[in-house]
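Coordinates from data15.cif are shown below (mmCIF, C-alpha atoms and all ligand atoms).
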```cif
data_input
loop_
_atom_site.label_atom_id
_atom_site.label_comp_id
_atom_site.auth_asym_id
_atom_site.auth_seq_id
_atom_site.Cartn_x
_atom_site.Cartn_y
_atom_site.Cartn_z
CA THR A 29 44.63 179.52 141.24
CA ARG A 30 43.68 182.55 143.26
CA GLU A 31 41.86 182.64 146.59
CA PRO A 32 40.13 185.91 147.48
CA ILE A 33 40.58 187.42 150.95
CA CYS A 34 38.39 190.48 150.32
CA PRO A 35 37.29 192.31 147.12
CA VAL A 36 40.80 193.74 146.56
CA ARG A 37 43.19 191.08 147.91
CA TYR A 38 43.92 187.45 147.19
CA ILE A 39 46.36 184.61 147.90
CA SER A 40 48.25 183.14 144.97
CA ASN A 41 51.75 182.02 144.04
CA ARG A 42 54.59 182.70 141.59
CA SER A 43 53.55 180.23 138.92
CA SER A 44 53.20 181.75 135.44
CA GLY A 45 51.19 178.92 133.87
CA LYS A 46 53.73 178.64 131.04
CA MET A 47 54.26 174.89 131.46
CA GLY A 48 50.52 174.18 131.32
CA TYR A 49 50.05 176.33 128.21
CA ALA A 50 53.05 174.64 126.54
CA LEU A 51 51.56 171.23 127.32
CA ALA A 52 48.20 172.24 125.82
CA GLU A 53 49.95 173.44 122.66
CA ALA A 54 52.02 170.25 122.39
CA ALA A 55 48.89 168.11 122.88
CA LEU A 56 47.10 170.03 120.11
CA ASN A 57 50.10 169.64 117.79
CA ALA A 58 50.08 165.90 118.50
CA GLY A 59 46.45 165.81 117.30
CA ALA A 60 44.69 165.61 120.66
CA ARG A 61 41.33 167.21 121.36
CA THR A 62 42.48 169.53 124.13
CA THR A 63 40.79 171.36 127.00
CA LEU A 64 42.93 173.95 128.78
CA ILE A 65 41.67 174.75 132.29
CA SER A 66 43.46 177.88 133.35
CA GLY A 67 43.72 180.13 136.37
CA PRO A 68 44.36 183.87 135.84
CA VAL A 69 47.60 184.15 133.80
CA HIS A 70 49.11 186.57 131.27
CA LEU A 71 49.44 184.16 128.37
CA GLU A 72 47.93 183.79 124.91
CA PRO A 73 45.95 180.52 124.82
CA PRO A 74 46.83 178.16 121.95
CA SER A 75 44.19 178.34 119.24
CA GLY A 76 42.23 175.13 118.89
CA ALA A 77 42.02 174.33 122.59
CA THR A 78 38.77 174.63 124.53
CA LEU A 79 39.68 177.23 127.13
CA LEU A 80 37.98 177.10 130.53
CA GLN A 81 39.00 180.09 132.64
CA VAL A 82 38.68 179.74 136.38
CA GLU A 83 39.88 181.64 139.41
CA THR A 84 39.58 179.61 142.58
CA THR A 85 40.60 176.03 143.36
CA GLU A 86 36.95 174.97 143.81
CA GLU A 87 36.19 176.33 140.31
CA MET A 88 39.21 174.48 138.87
CA LEU A 89 38.09 171.28 140.61
CA ALA A 90 34.58 171.50 139.12
CA ALA A 91 35.90 172.25 135.60
CA SER A 92 38.47 169.43 135.90
CA GLN A 93 35.92 166.86 137.06
CA ALA A 94 33.61 167.72 134.16
CA ALA A 95 36.41 167.65 131.53
CA ALA A 96 38.02 164.48 132.93
CA GLU A 97 34.84 162.49 132.31
CA THR A 98 35.67 162.23 128.60
CA ALA A 99 39.47 162.57 128.70
CA ASP A 100 42.09 159.90 127.97
CA ILE A 101 44.84 161.94 129.62
CA PHE A 102 44.55 164.45 132.47
CA ILE A 103 47.64 166.57 133.15
CA GLY A 104 47.75 168.66 136.32
CA ALA A 105 50.38 171.34 135.85
CA ALA A 106 48.57 174.07 137.74
CA ALA A 107 50.12 175.58 140.85
CA VAL A 108 47.03 175.18 142.96
CA VAL A 109 46.83 177.38 146.06
CA ASP A 110 47.05 174.99 149.00
CA PHE A 111 45.01 176.99 151.53
CA LYS A 112 42.09 179.40 151.28
CA PRO A 113 40.65 181.84 153.84
CA THR A 114 37.91 180.32 156.01
CA SER A 115 35.74 183.28 155.01
CA VAL A 116 35.91 186.03 152.40
CA SER A 117 35.14 189.59 153.51
CA ASP A 118 32.44 191.36 151.43
CA THR A 119 34.17 194.68 151.94
CA LYS A 120 37.81 195.80 151.79
CA ILE A 121 39.61 194.95 155.04
CA LYS A 122 40.95 198.23 156.43
CA ARG A 123 44.46 198.63 157.80
CA GLU A 124 43.77 201.74 159.92
CA GLY A 125 44.16 201.06 163.63
CA VAL A 126 45.25 197.44 163.09
CA ALA A 127 48.53 196.58 164.83
CA THR A 128 48.54 192.85 164.10
CA THR A 129 46.03 190.63 162.38
CA THR A 130 45.63 186.97 161.46
CA LEU A 131 44.14 185.13 158.52
CA ASP A 132 42.44 181.78 159.17
CA LEU A 133 42.98 179.27 156.38
CA VAL A 134 41.60 175.86 155.46
CA PRO A 135 43.20 173.38 153.04
CA ASN A 136 41.91 173.33 149.48
CA PRO A 137 40.79 170.06 147.86
CA ASP A 138 43.48 168.17 145.95
CA ILE A 139 42.26 168.34 142.35
CA ILE A 140 44.53 165.76 140.75
CA ALA A 141 44.04 163.22 143.57
CA SER A 142 40.29 163.59 143.17
CA ILE A 143 40.55 162.97 139.39
CA ALA A 144 42.94 160.02 139.81
CA ASN A 145 40.65 158.39 142.39
CA SER A 146 37.42 158.94 140.47
CA SER A 147 35.67 156.16 138.61
CA PRO A 148 35.79 156.01 135.65
CA ARG A 149 39.03 157.95 135.42
CA PRO A 150 41.27 159.06 132.52
CA ALA A 151 43.69 156.30 131.43
CA LEU A 152 46.65 158.50 132.36
CA VAL A 153 46.70 161.03 135.18
CA VAL A 154 49.91 163.05 135.19
CA GLY A 155 51.10 165.41 137.89
CA PHE A 156 53.91 167.86 138.41
CA ALA A 157 56.05 168.11 141.53
CA ALA A 158 57.98 171.31 142.10
CA GLU A 159 60.41 170.74 144.96
CA THR A 160 63.44 172.49 146.40
CA ASN A 161 65.12 169.43 147.95
CA ASP A 162 64.97 165.62 147.74
CA VAL A 163 63.09 166.20 144.49
CA GLU A 164 62.71 162.59 143.34
CA THR A 165 61.86 161.18 146.78
CA TYR A 166 59.01 163.66 147.28
CA ALA A 167 57.84 163.18 143.68
CA ARG A 168 57.64 159.39 144.15
CA GLU A 169 55.64 159.89 147.36
CA LYS A 170 53.20 162.11 145.41
CA LEU A 171 53.00 159.58 142.56
CA ARG A 172 51.84 156.91 145.04
CA GLY A 173 49.92 159.15 147.45
CA LYS A 174 47.82 160.78 144.72
CA SER A 175 47.43 157.55 142.66
CA LEU A 176 49.11 159.12 139.59
CA ASP A 177 50.46 157.28 136.53
CA PHE A 178 53.28 159.77 135.91
CA ILE A 179 54.81 162.70 137.72
CA PHE A 180 57.22 165.26 136.33
CA ALA A 181 59.65 166.22 139.09
CA ASN A 182 61.51 169.50 138.85
CA ASP A 183 63.85 171.42 141.11
CA VAL A 184 62.54 174.94 141.73
CA SER A 185 65.51 175.90 143.93
CA ASN A 186 67.30 176.49 140.60
CA THR A 187 65.85 179.91 139.68
CA ALA A 188 67.10 179.63 136.08
CA ILE A 189 64.41 177.02 135.47
CA GLY A 190 60.94 176.31 136.81
CA PHE A 191 58.66 179.06 138.15
CA ASP A 192 58.12 181.87 135.66
CA SER A 193 61.13 180.81 133.54
CA GLU A 194 60.96 180.00 129.83
CA TYR A 195 63.00 176.88 130.66
CA ASN A 196 62.50 173.77 132.71
CA ALA A 197 64.19 170.43 133.34
CA GLY A 198 63.42 167.39 135.43
CA VAL A 199 62.57 163.71 135.50
CA LEU A 200 59.40 162.05 134.22
CA ILE A 201 58.67 159.27 136.72
CA SER A 202 56.22 156.37 136.66
CA ALA A 203 56.12 153.20 138.78
CA GLU A 204 58.18 151.45 136.09
CA SER A 205 60.26 154.17 134.47
CA GLU A 206 62.41 157.21 135.06
CA THR A 207 63.21 159.52 132.14
CA PRO A 208 65.55 162.45 132.85
CA MET A 209 64.92 165.53 130.69
CA GLN A 210 67.68 168.09 130.13
CA VAL A 211 67.21 171.85 130.46
CA SER A 212 65.18 173.02 127.48
CA SER A 213 62.41 175.44 126.66
CA LYS A 214 59.05 174.57 128.20
CA ARG A 215 57.78 174.13 124.64
CA VAL A 216 60.35 171.45 123.76
CA LEU A 217 59.93 169.79 127.13
CA ALA A 218 56.14 169.72 126.71
CA GLU A 219 56.56 168.03 123.30
CA THR A 220 58.81 165.37 124.87
CA ILE A 221 56.36 164.75 127.71
CA ILE A 222 53.35 164.51 125.34
CA GLU A 223 55.30 162.09 123.11
CA ALA A 224 56.09 159.86 126.11
CA LEU A 225 52.46 159.92 127.25
CA SER A 226 51.01 159.15 123.83
CA LYS A 227 53.45 156.22 123.47
CA GLN A 228 52.25 154.91 126.84
CA LEU A 229 48.61 155.37 125.86
CA SER A 230 48.98 153.45 122.60
O1 LIG B 1 51.33 168.43 146.57
P1 LIG B 1 51.80 169.29 145.46
O2 LIG B 1 51.07 170.60 145.34
O3 LIG B 1 53.28 169.49 145.36
O4 LIG B 1 51.42 168.41 144.17
C1 LIG B 1 51.68 168.83 142.89
C2 LIG B 1 50.68 168.23 141.94
O5 LIG B 1 49.38 168.17 142.50
C3 LIG B 1 50.53 169.05 140.68
O6 LIG B 1 50.23 168.19 139.63
C4 LIG B 1 49.36 169.97 141.04
O7 LIG B 1 48.72 170.48 139.89
C5 LIG B 1 48.47 169.02 141.82
N1 LIG B 1 47.63 169.65 142.87
C6 LIG B 1 46.24 169.63 142.74
N2 LIG B 1 45.45 170.17 143.72
C7 LIG B 1 45.99 170.72 144.83
C8 LIG B 1 47.40 170.74 144.98
C9 LIG B 1 48.18 170.21 143.98
O8 LIG B 1 45.74 169.13 141.72
N3 LIG B 1 45.20 171.26 145.76
#
```
The structure in this file should be written as structure tokens.
Amino acid sequence: TREPICPVRYISNRSSGKMGYALAEAALNAGARTTLISGPVHLEPPSGATLLQVETTEEMLAASQAAAETADIFIGAAAVVDFKPTSVSDTKIKREGVATTTLDLVPNPDIIASIANSSPRPALVVGFAAETNDVETYAREKLRGKSLDFIFANDVSNTAIGFDSEYNAGVLISAESETPMQVSSKRVLAETIIEALSKQLS
């Protein structure tokens, strides 16, 4: 997601969206009716998916809540911006004569936690946890804390995989299972994750 500061600046992060797009494609190939809710990325959407383009976290939350009402599986692979400015300037903030400045931020809503705690909720709510250390411990905390059914934990300290890479690797964790997944293309990994989820669903 992207959080505007003024008409020309925003806060975002290094996520490319590739994992989310690969998951949408794998879901389509597995025969699922698929809605892809996407922040601003430079990727070709898979044909056959309903594409909902959003910018801010609040917009992604609203689109997610609406789509989740009829979904069996909700996968949250978006790198949601954690904080947004308390106010957005209507005009470009000027640098002239400014020695130091501050930006006041407030936390954004947690989209996946809101979906997982809604009623009724999708049968499976699946999150992603990108961590740089103690990957599985933090992922398990998020699994419980956000009331998820699965979480895919990956180590983003390894720059060869994860953010913006074509490759990823990690562990798919539920309360009862732990499935390590070797380094592979995000496409292959997405197929493996979708297969595991559809097995669980059936
Ligand atoms: O807490 P953290 O951002 O590491 O959690 C990662 C998981 O939570 C991902 O599935 C991400 O899409 C989701 N998330 C969310 N809304 C937020 C922050 C994270 O849905 N505001």
- Note on the structure: Min atom-atom distance to Lys112 of chain A from the set A:Leu56, A:Ala203, A:Ala224, A:Val134, counting all atoms listed in the file, belongs to A:Val134
- Mind checking which residues fall within 6 Å of Tyr195 of chain A, counting all atoms listed in the file, ignoring those fewer than 3 positions away in the same chain, and posting them as a ChimeraX atom specification? /A:189,212-214
Just-selected residues, C-alpha atoms written as a compact mmCIF listing (two decimals), in the frame of the given file:
```txt
# COMPACT_ATOMS: atom_id res chain seq x y z
CA ILE A 189 64.41 177.02 135.47
CA SER A 212 65.18 173.02 127.48
CA SER A 213 62.41 175.44 126.66
CA LYS A 214 59.05 174.57 128.20
```
- Site check for ligand LIG 1 (chain B): residues at most 10 Å away, all atoms listed in the file, as JSON, numbers by chain: {"A": [29, 48, 85, 86, 88, 89, 92, 102, 103, 104, 105, 106, 107, 108, 109, 110, 111, 135, 136, 137, 138, 139, 140, 141, 142, 143, 144, 153, 154, 155, 156, 157, 158, 159, 166, 167, 169, 170, 171, 173, 174, 176, 178, 179, 180, 181]}
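Considering the residues A:Ala188, A:Thr98, A:Ala77, A:Leu131 and counting only C-alpha atoms, Ala54 of chain A has its shortest atom-to-atom contact with A:Ala77.
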- Task: Would you please work out which residue, of A:Val36, A:Gly59, A:Val211, A:Leu51, is nearest to Thr119 of chain A when using all atoms listed in the file?
- Result: A:Val36
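Across the structure, atom CA of Ser193 of chain A and atom CA of Ile222 of chain A are spaced 19.8 Å apart.
Counting only C-alpha atoms, the residue from A:Met47, A:Ala99, A:Leu225, A:Val82 that sits nearest to Pro148 of chain A is A:Ala99.
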